[in-house]
file entry-v8.txt (compact mmCIF, C-alpha atoms and all ligand atoms)
# COMPACT_ATOMS: atom_id res chain seq x y z
CA MET F 28 26.69 -17.46 35.88
CA THR F 29 23.68 -15.63 34.40
CA SER F 30 23.45 -16.02 30.62
CA ARG F 31 23.18 -12.90 28.49
CA ILE F 32 21.08 -12.09 25.45
CA LEU F 33 22.60 -9.09 23.73
CA VAL F 34 20.35 -7.13 21.37
CA LEU F 35 22.06 -4.73 18.98
CA GLY F 36 19.71 -1.94 17.88
CA GLY F 37 16.70 -0.26 19.45
CA GLY F 38 14.55 0.16 16.33
CA PHE F 39 11.46 -1.86 15.43
CA ALA F 40 13.28 -5.18 15.36
CA GLY F 41 15.66 -4.57 18.27
CA LEU F 42 13.20 -3.11 20.73
CA TRP F 43 10.69 -5.89 20.13
CA SER F 44 13.41 -8.55 20.35
CA ALA F 45 14.45 -7.31 23.77
CA LEU F 46 10.85 -7.11 24.98
CA ALA F 47 10.03 -10.58 23.67
CA ALA F 48 13.12 -12.02 25.36
CA ALA F 49 11.99 -10.35 28.60
CA ARG F 50 8.56 -11.89 28.18
CA ALA F 51 10.03 -15.35 27.60
CA ARG F 52 12.23 -14.93 30.68
CA GLU F 53 9.11 -14.19 32.71
CA VAL F 54 7.01 -16.99 31.19
CA PHE F 55 9.74 -19.61 31.75
CA GLY F 56 10.88 -18.20 35.12
CA ALA F 57 14.44 -18.08 33.82
CA ASP F 58 17.53 -16.29 35.07
CA LEU F 59 18.66 -14.28 32.03
CA GLU F 60 20.27 -10.93 31.50
CA ILE F 61 18.91 -8.98 28.54
CA LEU F 62 21.01 -6.04 27.38
CA LEU F 63 20.05 -3.71 24.53
CA LEU F 64 22.69 -1.59 22.87
CA ASN F 65 21.65 1.42 20.79
CA ASP F 66 23.44 4.54 19.65
CA THR F 67 20.75 6.89 20.97
CA PRO F 68 18.43 6.71 24.00
CA TRP F 69 15.47 6.65 21.60
CA HIS F 70 13.23 4.20 19.81
CA SER F 71 12.67 6.17 16.62
CA ILE F 72 9.39 5.70 14.74
CA ARG F 73 11.47 6.01 11.60
CA VAL F 74 8.57 5.49 9.20
CA ARG F 75 7.23 8.93 10.17
CA ASN F 76 10.36 10.86 9.20
CA TYR F 77 8.73 12.32 6.09
CA GLU F 78 6.09 14.05 8.21
CA ALA F 79 6.12 17.76 9.08
CA ASP F 80 5.80 17.38 12.85
CA LEU F 81 8.31 14.93 14.31
CA SER F 82 7.75 15.89 17.93
CA ASP F 83 6.06 12.58 18.82
CA THR F 84 8.19 10.24 16.74
CA ARG F 85 10.69 9.18 19.40
CA VAL F 86 9.95 7.03 22.43
CA ALA F 87 12.48 6.93 25.28
CA LEU F 88 13.81 3.36 25.23
CA ASP F 89 14.00 3.28 29.03
CA SER F 90 10.29 4.04 29.32
CA VAL F 91 9.62 0.63 27.75
CA LEU F 92 12.71 -1.36 28.76
CA THR F 93 12.98 -0.46 32.44
CA PRO F 94 9.50 -1.71 33.47
CA VAL F 95 10.36 -5.19 32.11
CA GLY F 96 13.91 -5.29 33.44
CA VAL F 97 15.90 -4.93 30.21
CA ARG F 98 19.23 -3.16 30.66
CA ARG F 99 20.24 -0.54 28.12
CA LEU F 100 23.64 0.69 27.10
CA GLN F 101 24.07 3.71 24.86
CA GLY F 102 26.92 3.30 22.44
CA LYS F 103 27.92 2.72 18.84
CA VAL F 104 28.55 -0.87 17.86
CA THR F 105 31.84 -1.03 15.98
CA SER F 106 32.48 -4.76 15.48
CA ILE F 107 31.12 -8.23 16.18
CA ASP F 108 33.17 -11.39 16.60
CA VAL F 109 31.17 -14.61 16.42
CA THR F 110 34.21 -16.72 17.37
CA SER F 111 34.66 -15.10 20.76
CA ARG F 112 30.92 -14.22 20.97
CA THR F 113 31.59 -10.57 21.66
CA ALA F 114 30.49 -7.22 20.27
CA ALA F 115 32.58 -4.08 20.61
CA CYS F 116 31.11 -0.65 21.08
CA GLU F 117 32.15 2.91 21.76
CA ALA F 118 30.31 3.93 24.90
CA ASN F 119 31.04 6.68 27.42
CA GLY F 120 34.18 7.65 25.48
CA ALA F 121 35.75 4.19 25.72
CA LEU F 122 35.80 1.01 23.68
CA GLN F 123 33.97 -1.80 25.46
CA ARG F 124 33.74 -5.49 24.62
CA ILE F 125 30.52 -7.20 25.57
CA GLY F 126 30.16 -10.96 25.60
CA TYR F 127 26.94 -12.74 24.75
CA ASP F 128 25.39 -16.19 24.96
CA ARG F 129 22.82 -15.30 22.31
CA LEU F 130 22.93 -12.27 20.01
CA VAL F 131 20.11 -10.54 18.16
CA PHE F 132 21.58 -8.37 15.41
CA ALA F 133 19.07 -5.61 14.56
CA LEU F 134 21.01 -2.54 13.45
CA GLY F 135 18.58 -1.84 10.62
CA SER F 136 19.35 -0.20 7.32
CA ARG F 137 20.69 3.00 5.87
CA LEU F 138 19.82 5.08 2.91
CA ALA F 139 21.86 4.00 -0.12
CA ARG F 140 24.04 6.95 -1.10
CA PRO F 141 25.84 6.43 -4.42
CA PRO F 142 29.11 8.36 -4.91
CA ILE F 143 27.44 11.21 -6.81
CA PRO F 144 29.46 14.43 -6.60
CA GLY F 145 27.97 16.79 -4.03
CA LEU F 146 25.36 14.36 -2.69
CA ALA F 147 27.03 13.82 0.68
CA GLU F 148 27.63 17.56 1.20
CA TYR F 149 24.44 19.08 -0.19
CA GLY F 150 21.82 16.33 -0.24
CA PHE F 151 19.04 16.06 2.34
CA ASP F 152 17.16 12.92 3.35
CA VAL F 153 14.51 11.56 5.71
CA ASP F 154 16.34 8.37 6.69
CA THR F 155 16.88 9.22 10.34
CA TYR F 156 15.22 11.55 12.83
CA GLU F 157 18.30 13.81 12.78
CA ALA F 158 18.34 14.01 8.98
CA ALA F 159 14.60 14.69 8.81
CA MET F 160 14.91 17.44 11.44
CA ARG F 161 17.75 18.98 9.41
CA LEU F 162 15.54 19.02 6.31
CA ASN F 163 12.60 20.52 8.19
CA ALA F 164 14.87 23.21 9.71
CA HIS F 165 16.22 24.03 6.24
CA ILE F 166 12.68 24.34 4.86
CA ALA F 167 11.68 26.61 7.74
CA LYS F 168 14.50 29.02 6.78
CA LEU F 169 13.70 29.21 3.06
CA PRO F 170 12.67 32.65 1.83
CA SER F 171 8.96 33.09 1.14
CA GLY F 172 8.00 33.37 -2.50
CA ALA F 173 9.02 30.63 -4.89
CA SER F 174 10.97 27.61 -3.71
CA THR F 175 11.67 24.29 -5.38
CA VAL F 176 12.35 20.94 -3.74
CA LEU F 177 13.62 18.05 -5.85
CA VAL F 178 12.90 14.61 -4.37
CA VAL F 179 14.99 11.86 -5.96
CA GLY F 180 13.66 8.29 -5.76
CA GLY F 181 10.13 7.32 -6.74
CA GLY F 182 9.81 4.37 -4.35
CA LEU F 183 7.57 4.42 -1.30
CA THR F 184 9.78 6.74 0.78
CA GLY F 185 10.28 9.21 -2.07
CA ILE F 186 6.56 9.33 -2.88
CA GLU F 187 5.69 9.92 0.79
CA ALA F 188 8.38 12.60 1.16
CA ALA F 189 7.25 14.38 -2.02
CA ALA F 190 3.52 14.14 -1.24
CA GLU F 191 4.03 15.79 2.14
CA MET F 192 6.32 18.50 0.74
CA PRO F 193 3.83 21.05 -0.73
CA ALA F 194 2.05 21.33 2.65
CA LYS F 195 5.40 21.57 4.48
CA LEU F 196 6.54 24.35 2.16
CA ARG F 197 3.27 26.23 2.45
CA ALA F 198 3.40 25.93 6.24
CA ALA F 199 6.86 27.54 6.02
CA GLY F 200 5.30 30.53 4.30
CA ILE F 201 6.29 29.63 0.75
CA ALA F 202 3.49 30.90 -1.41
CA ALA F 203 4.37 29.11 -4.65
CA PRO F 204 6.05 25.80 -3.81
CA ARG F 205 7.37 23.67 -6.64
CA VAL F 206 8.00 19.99 -5.90
CA ILE F 207 9.58 17.65 -8.43
CA LEU F 208 9.72 13.87 -7.94
CA ALA F 209 12.35 12.21 -10.11
CA ASP F 210 13.28 8.58 -10.69
CA HIS F 211 15.28 6.34 -13.02
CA ALA F 212 12.11 4.41 -13.87
CA PRO F 213 10.06 5.84 -16.72
CA ARG F 214 6.87 5.78 -14.63
CA ILE F 215 6.83 7.00 -11.01
CA GLY F 216 5.37 4.44 -8.61
CA SER F 217 5.61 1.58 -11.08
CA ASP F 218 6.88 -0.75 -8.29
CA MET F 219 3.49 -0.40 -6.66
CA GLY F 220 1.69 -2.33 -9.37
CA ASP F 221 -0.87 -1.67 -12.09
CA GLU F 222 -3.82 -0.86 -9.81
CA ALA F 223 -1.89 1.57 -7.63
CA VAL F 224 0.03 3.59 -10.24
CA PRO F 225 -2.98 5.54 -11.60
CA VAL F 226 -4.01 6.39 -8.03
CA ILE F 227 -0.51 7.64 -7.21
CA GLU F 228 -0.46 9.68 -10.41
CA GLU F 229 -3.85 11.20 -9.63
CA ALA F 230 -2.71 12.16 -6.13
CA LEU F 231 0.60 13.66 -7.28
CA GLN F 232 -1.23 15.59 -9.99
CA ALA F 233 -3.77 16.94 -7.48
CA LEU F 234 -0.93 17.97 -5.15
CA GLY F 235 0.79 19.81 -8.00
CA ILE F 236 3.88 17.60 -7.91
CA GLU F 237 5.82 17.34 -11.14
CA ARG F 238 6.85 13.82 -12.12
CA ARG F 239 10.14 13.26 -13.91
CA GLY F 240 10.60 9.64 -14.93
CA GLY F 241 13.65 8.25 -16.72
CA VAL F 242 16.18 10.65 -15.19
CA SER F 243 19.53 10.11 -13.50
CA VAL F 244 21.15 12.66 -11.21
CA ALA F 245 24.80 13.29 -12.08
CA ALA F 246 25.69 15.89 -9.43
CA VAL F 247 24.17 17.78 -6.52
CA ASP F 248 25.18 21.24 -5.28
CA ALA F 249 23.85 23.99 -3.05
CA GLY F 250 21.64 25.30 -5.85
CA GLY F 251 20.09 22.06 -7.12
CA ALA F 252 21.03 19.10 -9.27
CA THR F 253 22.52 18.40 -12.66
CA LEU F 254 21.12 15.44 -14.56
CA GLN F 255 22.98 12.99 -16.79
CA GLY F 256 22.92 14.72 -20.16
CA GLY F 257 23.50 18.13 -18.61
CA GLU F 258 19.99 19.34 -17.76
CA ARG F 259 19.97 21.54 -14.69
CA ILE F 260 17.24 21.58 -12.03
CA GLU F 261 17.51 24.57 -9.72
CA ALA F 262 16.25 23.63 -6.26
CA GLU F 263 16.52 24.94 -2.72
CA ALA F 264 16.77 21.34 -1.52
CA VAL F 265 17.53 17.97 -3.10
CA VAL F 266 16.04 15.18 -0.98
CA TRP F 267 17.63 11.78 -1.65
CA CYS F 268 15.26 8.81 -1.18
CA ALA F 269 16.74 6.22 -3.52
CA GLY F 270 16.87 2.88 -1.72
CA MET F 271 18.04 1.29 1.51
CA ARG F 272 20.90 -1.10 2.30
CA ALA F 273 21.37 -3.31 5.36
CA HIS F 274 23.71 -2.03 8.06
CA PRO F 275 27.35 -2.50 7.00
CA LEU F 276 28.15 -4.49 10.16
CA ALA F 277 26.15 -7.36 8.64
CA SER F 278 29.48 -8.13 6.95
CA ALA F 279 30.85 -9.18 10.36
CA PHE F 280 29.02 -12.51 10.04
CA PRO F 281 30.73 -15.22 7.99
CA VAL F 282 27.77 -15.87 5.69
CA GLU F 283 26.80 -14.75 2.22
CA ARG F 284 24.50 -11.72 2.12
CA ASP F 285 21.83 -10.83 -0.45
CA ARG F 286 21.96 -7.89 -2.90
CA LEU F 287 20.67 -5.53 -0.19
CA GLY F 288 23.38 -6.70 2.21
CA ARG F 289 20.96 -8.75 4.34
CA LEU F 290 21.80 -11.90 6.27
CA PRO F 291 20.05 -15.17 5.49
CA VAL F 292 18.03 -16.38 8.49
CA ASP F 293 15.83 -19.41 8.98
CA PRO F 294 12.18 -18.99 10.05
CA THR F 295 13.26 -18.89 13.72
CA LEU F 296 15.37 -15.84 12.77
CA LYS F 297 18.65 -17.62 13.54
CA ILE F 298 21.37 -16.70 11.04
CA ARG F 299 21.85 -19.69 8.76
CA GLY F 300 24.99 -21.63 9.60
CA LEU F 301 25.59 -19.94 12.97
CA ALA F 302 24.85 -21.32 16.42
CA ALA F 303 24.20 -18.35 18.71
CA GLU F 304 23.35 -15.42 16.44
CA PHE F 305 19.90 -14.26 15.37
CA ALA F 306 19.06 -11.34 13.07
CA ALA F 307 15.82 -9.41 12.60
CA GLY F 308 14.42 -6.45 10.71
CA ASP F 309 16.14 -4.77 7.77
CA VAL F 310 19.39 -6.74 8.27
CA ALA F 311 17.74 -10.14 7.78
CA SER F 312 16.04 -11.96 4.95
CA PHE F 313 14.02 -15.14 4.53
CA PRO F 314 10.82 -16.17 2.71
CA ILE F 315 8.32 -14.76 5.18
CA ASP F 316 5.37 -16.83 3.96
CA GLY F 317 7.53 -19.65 2.64
CA THR F 318 7.61 -18.04 -0.82
CA HIS F 319 8.01 -14.26 -0.77
CA GLY F 320 11.14 -12.67 0.66
CA CYS F 321 10.56 -10.39 3.62
CA VAL F 322 10.60 -6.68 2.89
CA MET F 323 12.69 -4.01 4.63
CA SER F 324 9.74 -2.63 6.57
CA CYS F 325 8.45 -2.16 10.08
CA GLN F 326 5.55 -4.35 8.95
CA HIS F 327 7.98 -7.27 8.94
CA GLY F 328 10.61 -5.90 11.32
CA ARG F 329 8.36 -5.84 14.38
CA PRO F 330 7.18 -9.46 14.22
CA MET F 331 10.68 -10.58 13.20
CA GLY F 332 11.91 -8.89 16.37
CA ARG F 333 9.33 -10.55 18.59
CA PHE F 334 10.14 -13.99 17.22
CA ALA F 335 13.92 -13.42 17.30
CA GLY F 336 13.89 -12.34 20.95
CA HIS F 337 11.57 -15.15 22.00
CA ASN F 338 13.59 -17.73 20.11
CA ALA F 339 16.95 -16.46 21.39
CA ALA F 340 15.64 -17.06 24.93
CA CYS F 341 14.15 -20.47 24.02
CA ASP F 342 17.38 -21.56 22.34
CA LEU F 343 19.35 -20.64 25.40
CA LEU F 344 16.90 -22.40 27.71
CA GLY F 345 16.67 -25.57 25.60
CA ARG F 346 13.04 -24.97 24.70
CA PRO F 347 11.44 -25.37 21.26
CA MET F 348 11.68 -22.31 19.03
CA LEU F 349 8.77 -20.88 17.03
CA PRO F 350 8.96 -20.37 13.25
CA LEU F 351 7.64 -17.06 11.92
CA SER F 352 5.26 -17.10 8.98
CA ILE F 353 3.19 -14.12 7.88
CA THR F 354 0.58 -14.98 5.30
CA TRP F 355 -0.62 -11.46 4.53
CA TYR F 356 1.12 -8.41 3.08
CA THR F 357 -0.20 -4.87 2.81
CA THR F 358 1.14 -1.52 1.66
CA ILE F 359 -0.31 1.70 3.00
CA LEU F 360 1.26 4.66 1.25
CA ASP F 361 0.80 8.21 2.51
CA LEU F 362 -0.14 10.65 -0.23
CA GLY F 363 -0.05 13.85 1.79
CA SER F 364 -3.13 16.03 1.97
CA TRP F 365 -4.68 14.02 -0.89
CA GLY F 366 -5.02 10.97 1.38
CA ALA F 367 -3.33 7.59 1.13
CA LEU F 368 -3.41 4.29 -0.72
CA TYR F 369 -4.04 0.84 0.81
CA THR F 370 -3.15 -2.29 -1.15
CA GLU F 371 -3.35 -5.93 -0.17
CA GLY F 372 -1.29 -8.92 -1.24
CA TRP F 373 2.03 -9.24 -3.04
CA GLU F 374 0.29 -8.33 -6.31
CA ARG F 375 -0.93 -5.13 -4.57
CA LYS F 376 -4.68 -5.19 -5.09
CA LEU F 377 -6.26 -1.83 -4.38
CA VAL F 378 -8.29 -1.86 -1.15
CA SER F 379 -8.94 1.84 -0.59
CA SER F 380 -7.58 5.26 -1.42
CA GLY F 381 -7.96 8.90 -0.42
CA ALA F 382 -9.37 9.80 2.99
CA ARG F 383 -10.36 6.23 3.94
CA ALA F 384 -6.84 4.90 3.39
CA LYS F 385 -5.45 7.95 5.20
CA ARG F 386 -7.37 6.95 8.34
CA THR F 387 -5.65 3.56 8.23
CA LYS F 388 -2.25 5.19 7.67
CA GLU F 389 -2.74 7.54 10.62
CA LEU F 390 -3.75 4.67 12.87
CA ILE F 391 -0.62 2.76 11.85
CA ASN F 392 1.76 5.71 12.17
CA ARG F 393 0.35 7.06 15.42
CA GLU F 394 -0.81 3.97 17.32
CA ARG F 395 -0.31 0.51 15.87
CA ILE F 396 3.47 0.57 15.61
CA TYR F 397 4.16 2.22 18.97
CA PRO F 398 5.04 0.18 22.04
CA PRO F 399 2.72 0.69 25.02
CA ARG F 400 3.54 4.09 26.47
CA THR F 401 1.85 3.75 29.86
CA GLY F 402 4.83 2.12 31.55
CA ASP F 403 2.55 -0.82 32.45
CA ARG F 404 4.81 -3.86 32.81
CA GLN F 405 2.16 -6.44 31.95
CA ALA F 406 0.90 -4.49 28.92
CA ILE F 407 4.46 -4.29 27.57
CA LEU F 408 5.10 -8.02 28.09
CA ASP F 409 1.74 -8.93 26.53
CA ALA F 410 2.47 -6.77 23.46
CA ALA F 411 5.76 -8.66 22.98
CA ALA F 412 4.17 -12.11 22.60
CA PRO F 413 5.52 -14.00 19.57
CA THR F 414 2.35 -13.69 17.53
CA VAL F 415 1.46 -12.04 14.22
CA GLN F 416 -1.04 -9.19 14.26
CA THR F 417 -4.03 -9.15 11.93
CA PRO F 418 -3.73 -6.80 8.90
CA PRO F 419 -4.36 -3.09 9.47
CA VAL F 420 -8.00 -2.05 9.72
CA LYS F 421 -9.82 -1.14 6.49
CA PHE F 422 -12.33 1.67 6.67
CA GLY F 423 -15.45 1.14 4.60
C1 LIG F 501 10.78 7.85 5.56
C2 LIG F 501 10.58 6.38 5.72
C3 LIG F 501 9.27 5.86 5.57
C4 LIG F 501 9.06 4.50 5.75
N1 LIG F 501 7.79 4.03 5.62
C5 LIG F 501 7.52 2.75 5.91
C6 LIG F 501 6.18 2.27 5.90
O1 LIG F 501 5.25 2.99 5.56
N2 LIG F 501 5.97 0.98 6.25
C7 LIG F 501 6.98 0.14 6.63
O2 LIG F 501 6.70 -1.00 6.99
N3 LIG F 501 8.26 0.55 6.62
C8 LIG F 501 8.56 1.83 6.27
N4 LIG F 501 9.87 2.28 6.30
C9 LIG F 501 10.95 1.33 6.57
C10 LIG F 501 11.16 1.12 8.06
O3 LIG F 501 11.39 2.34 8.72
C11 LIG F 501 12.32 0.18 8.30
O4 LIG F 501 12.12 -0.98 7.56
C12 LIG F 501 12.42 -0.15 9.78
O5 LIG F 501 12.79 1.00 10.50
C13 LIG F 501 13.40 -1.29 10.03
O6 LIG F 501 13.47 -1.58 11.40
P1 LIG F 501 14.86 -2.06 12.03
O7 LIG F 501 14.62 -2.22 13.48
O8 LIG F 501 15.40 -3.18 11.24
O9 LIG F 501 15.85 -0.83 11.79
P2 LIG F 501 15.80 0.65 12.36
O10 LIG F 501 14.41 1.07 12.63
O11 LIG F 501 16.61 1.47 11.40
O12 LIG F 501 16.58 0.55 13.74
C14 LIG F 501 17.98 0.35 13.82
C15 LIG F 501 18.45 0.84 15.16
O13 LIG F 501 19.85 0.60 15.28
C16 LIG F 501 20.50 1.79 15.72
N5 LIG F 501 21.87 1.75 15.22
C17 LIG F 501 22.28 1.81 13.93
N6 LIG F 501 23.62 1.68 13.85
C18 LIG F 501 24.07 1.52 15.12
C19 LIG F 501 25.35 1.29 15.69
N7 LIG F 501 26.47 1.20 14.95
N8 LIG F 501 25.43 1.14 17.03
C20 LIG F 501 24.33 1.21 17.82
N9 LIG F 501 23.09 1.42 17.32
C21 LIG F 501 22.96 1.56 16.00
C22 LIG F 501 19.64 2.92 15.17
O14 LIG F 501 19.80 4.13 15.88
C23 LIG F 501 18.25 2.34 15.36
O15 LIG F 501 17.76 2.58 16.65
C24 LIG F 501 10.15 3.63 6.10
C25 LIG F 501 11.43 4.16 6.23
C26 LIG F 501 11.66 5.50 6.05
C27 LIG F 501 13.05 6.06 6.20

call {"tool": "encode", "arguments": {"input": "entry-v8.txt", "output": "C-alpha cells", "more": "lines below"}}
Ligand SMILES: Cc1cc2nc3c(=O)[nH]c(=O)nc-3n(C[C@H](O)[C@H](O)[C@H](O)COP(=O)(O)OP(=O)(O)OC[C@H]3O[C@@H](n4cnc5c(N)ncnc54)[C@H](O)[C@@H]3O)c2cc1C
result
Amino acid sequence: MTSRILVLGGGFAGLWSALAAARAREVFGADLEILLLNDTPWHSIRVRNYEADLSDTRVALDSVLTPVGVRRLQGKVTSIDVTSRTAACEANGALQRIGYDRLVFALGSRLARPPIPGLAEYGFDVDTYEAAMRLNAHIAKLPSGASTVLVVGGGLTGIEAAAEMPAKLRAAGIAAPRVILADHAPRIGSDMGDEAVPVIEEALQALGIERRGGVSVAAVDAGGATLQGGERIEAEAVVWCAGMRAHPLASAFPVERDRLGRLPVDPTLKIRGLAAEFAAGDVASFPIDGTHGCVMSCQHGRPMGRFAGHNAACDLLGRPMLPLSITWYTTILDLGSWGALYTEGWERKLVSSGARAKRTKELINRERIYPPRTGDRQAILDAAAPTVQTPPVKFG
C-alpha cells in the first residue's frame, strides 16, 4: 500500500513541507502520497497583513501543489492521535479521520488574546487575512475629519501595523489621523536592541505616531480603551498586536511544550520522543544554530518546512535525514512611509535604515517569500530543495 505523508497547515512551514516531500519523492523515485490539509484554499502571505493593499497576499494552494502532485483537502483539523497515527478534520460538513505514516504538524500560531473585557468583541487585529481585511474595511468606513487608532503591542507586528496606519487613514480620507502605539514596556521597540531603538523612535516621530510606554489595557469597547488606573483613550479602532502563541492543537502531542506552546523538535524537525511526527514553523522550537532558539517567523518557518518535508520522506524511505542549521539571523522591520530598518545578528546590529532598508523589505514581502507562481513543475521542485537561502540583499 502507498505510504502517506500528511501535512497539516498550508502556511510557510506547511506549504514548503509538502513541496519538499514532493521533491524528495521525485528525487528518490518513490511511491508516496502527500496530502496537505488546510482550512482555506489559500497560502496566506501572513507577514503582509499590516499592509493597506492585501489583494496580492494570497496564493491559491492548488496553483503550487497540483503541478507537483500534492493532494489538498480543505478542512479544519480538530484532533490528532499519535497512537493510532490519525488526524481528524471537519471537511465538507463531515468529520473525517485521516491516517498517516509520517505527519508534519504546521498549523502555525495565533495572536495571544488575554481575557480583557471587550477585547474579543471590539478589538481588531492583523493576525489573519480575514482579520486584516475586517480592519481595513472598518477604516474605509470611518468618517473623514479626526480619527484615532490605538495599536496595542510594541513588538515587531505592532510597530509595523502602527507605522502603516497614518497612510492607511489618510488614504481613507481622514484628514487628521491620530495613531497611538502602546506597550507594557517603558520604551517602545526595546526588544529590537540598542542600535535599533533610536531609529524606530525617529521613524515613529516622523510619522506622527504617539508612543505610550508602560501602559496596560484594562478594557476595550466600541469607543476605545480604558487603561489600568482608569485613563481613557478614545479611539475608532483598537488594534491588538500583543504576542503570538503556538496553535492549541500542539497539546495533542504527548511532550512538554515551551512557554509559547511550541513543541520541542530535533534538528531534523522530528518531534522529540516521537517516531513518526515532525513539526515546523511557529509550532516548533529548537536551537536553530545550535545555540539560539528559533523565532516564530517566516524567516525560520520556510526552511523548517523544507527540511521537515524532506526528512519526513527520507525517514519513511529509510534514507539519511538532514539536520537544519541556520547560522545567520536578520530582522527587517517595515516603518511605513518613513522606510524600514535592517538589522543583522542576534544582537541586532544596524545594517541599513530608511529607503534602502525599505527596498529590502519590499523584495522580501513581494518576491522572496512567495512560492514560484508560474505553475512550472521543475521550478517549484527546485525551490523546495532542503537548503538555506543566503540572507536578504542589502542595498548600499
Ligand atoms: C502582521 C504580521 C507581520 C509579520 N511579520 C513578519 C516578518 O516581518 N518576518 C517574519 O519572519 N515573520 C513575520 N511574521 C510572523 C509570520 O507570519 C509567522 O511566523 C509565519 O506565518 C509562521 O508560519 P507557519 O507556517 O508556522 O504558520 P502560518 O503561516 O500561520 O500557517 C498556518 C496555516 O495553518 C492553517 N490552519 C490553522 N489552524 C488550522 C486548522 N485547525 N485546520 C486546518 N488549517 C489550519 C492556517 O490557515 C494557515 O494556512 C508576521 C506575522 C504577522 C501576523

call {"tool": "residues_near_ligand", "arguments": {"input": "entry-v8.txt", "ligand": "ligand LIG 501 (chain F)", "cutoff": "7 Å", "atoms": "all atoms listed in the file", "output": "ChimeraX atom specification"}}
result
/F:35-41,64-67,69-71,73-77,102-105,133-136,153-155,183-184,188,274,307-310,323-328,359-360

call {"tool": "closest_residue", "arguments": {"input": "entry-v8.txt", "among": "F:Phe313, F:Tyr397, F:Tyr369, F:Tyr149", "to": "Ala252 (chain F)", "atoms": "only C-alpha atoms"}}
result
F:Tyr149

call {"tool": "closest_atom_pairs", "arguments": {"input": "entry-v8.txt", "of": "region 72-127 of chain F", "to": "region 46-56 of chain F", "cutoff": "10 Å", "atoms": "all atoms listed in the file", "output": "CSV"}}
result
residue,atom,partner,partner_atom,distance
F:Val91,CA,F:Leu46,CA,8.3
F:Leu92,CA,F:Leu46,CA,7.1
F:Val95,CA,F:Ala49,CA,6.5
F:Gly96,CA,F:Ala49,CA,7.3
F:Val97,CA,F:Ala49,CA,6.9

call {"tool": "closest_residue", "arguments": {"input": "entry-v8.txt", "among": "F:Pro141, F:Gly185, F:Pro170, F:Gly126", "to": "Arg272 (chain F)", "atoms": "all atoms listed in the file"}}
result
F:Pro141

call {"tool": "closest_residue", "arguments": {"input": "entry-v8.txt", "among": "F:Leu162, F:Leu42, F:Leu349, F:Val178", "to": "Glu78 (chain F)", "atoms": "only C-alpha atoms"}}
result
F:Leu162

call {"tool": "residues_around", "arguments": {"input": "entry-v8.txt", "residues": "Pro413 (chain F)", "least_positions_apart": "6", "cutoff": "8 Å", "atoms": "only C-alpha atoms", "output": "list in words"}}
result
Ala47, Pro330, Arg333, Phe334 and His337 of chain F

call {"tool": "residues_around", "arguments": {"input": "entry-v8.txt", "residues": "region 233-235 of chain F", "least_positions_apart": "2", "cutoff": "10 Å", "atoms": "only C-alpha atoms", "output": "list in words"}}
result
Ala189, Ala190, Glu191, Met192, Pro193, Ala194, Pro204, Arg205, Val206, Ile207, Ile227, Glu228, Glu229, Ala230, Leu231, Glu237, Arg238, Leu362, Gly363, Ser364 and Trp365 of chain F

call {"tool": "decode", "arguments": {"input": "entry-v8.txt", "residues": "region 362-375 of chain F", "atoms": "C-alpha atoms", "output": "PDB file, in the first residue's frame"}}
result
ATOM      1  CA  LEU F 362       8.404  51.564   9.183  1.00  0.00           C
ATOM      2  CA  GLY F 363       5.684  52.710   6.807  1.00  0.00           C
ATOM      3  CA  SER F 364       6.302  55.681   4.554  1.00  0.00           C
ATOM      4  CA  TRP F 365       9.440  56.520   6.576  1.00  0.00           C
ATOM      5  CA  GLY F 366      11.184  53.393   5.259  1.00  0.00           C
ATOM      6  CA  ALA F 367      12.366  50.325   7.131  1.00  0.00           C
ATOM      7  CA  LEU F 368      15.101  49.011   9.390  1.00  0.00           C
ATOM      8  CA  TYR F 369      17.501  46.132   8.618  1.00  0.00           C
ATOM      9  CA  THR F 370      19.476  44.516  11.424  1.00  0.00           C
ATOM     10  CA  GLU F 371      21.839  41.570  11.373  1.00  0.00           C
ATOM     11  CA  GLY F 372      22.701  39.013  14.023  1.00  0.00           C
ATOM     12  CA  TRP F 373      21.050  38.055  17.299  1.00  0.00           C
ATOM     13  CA  GLU F 374      22.434  41.233  18.869  1.00  0.00           C
ATOM     14  CA  ARG F 375      20.694  43.183  16.056  1.00  0.00           C
TER      15      ARG F 375
END
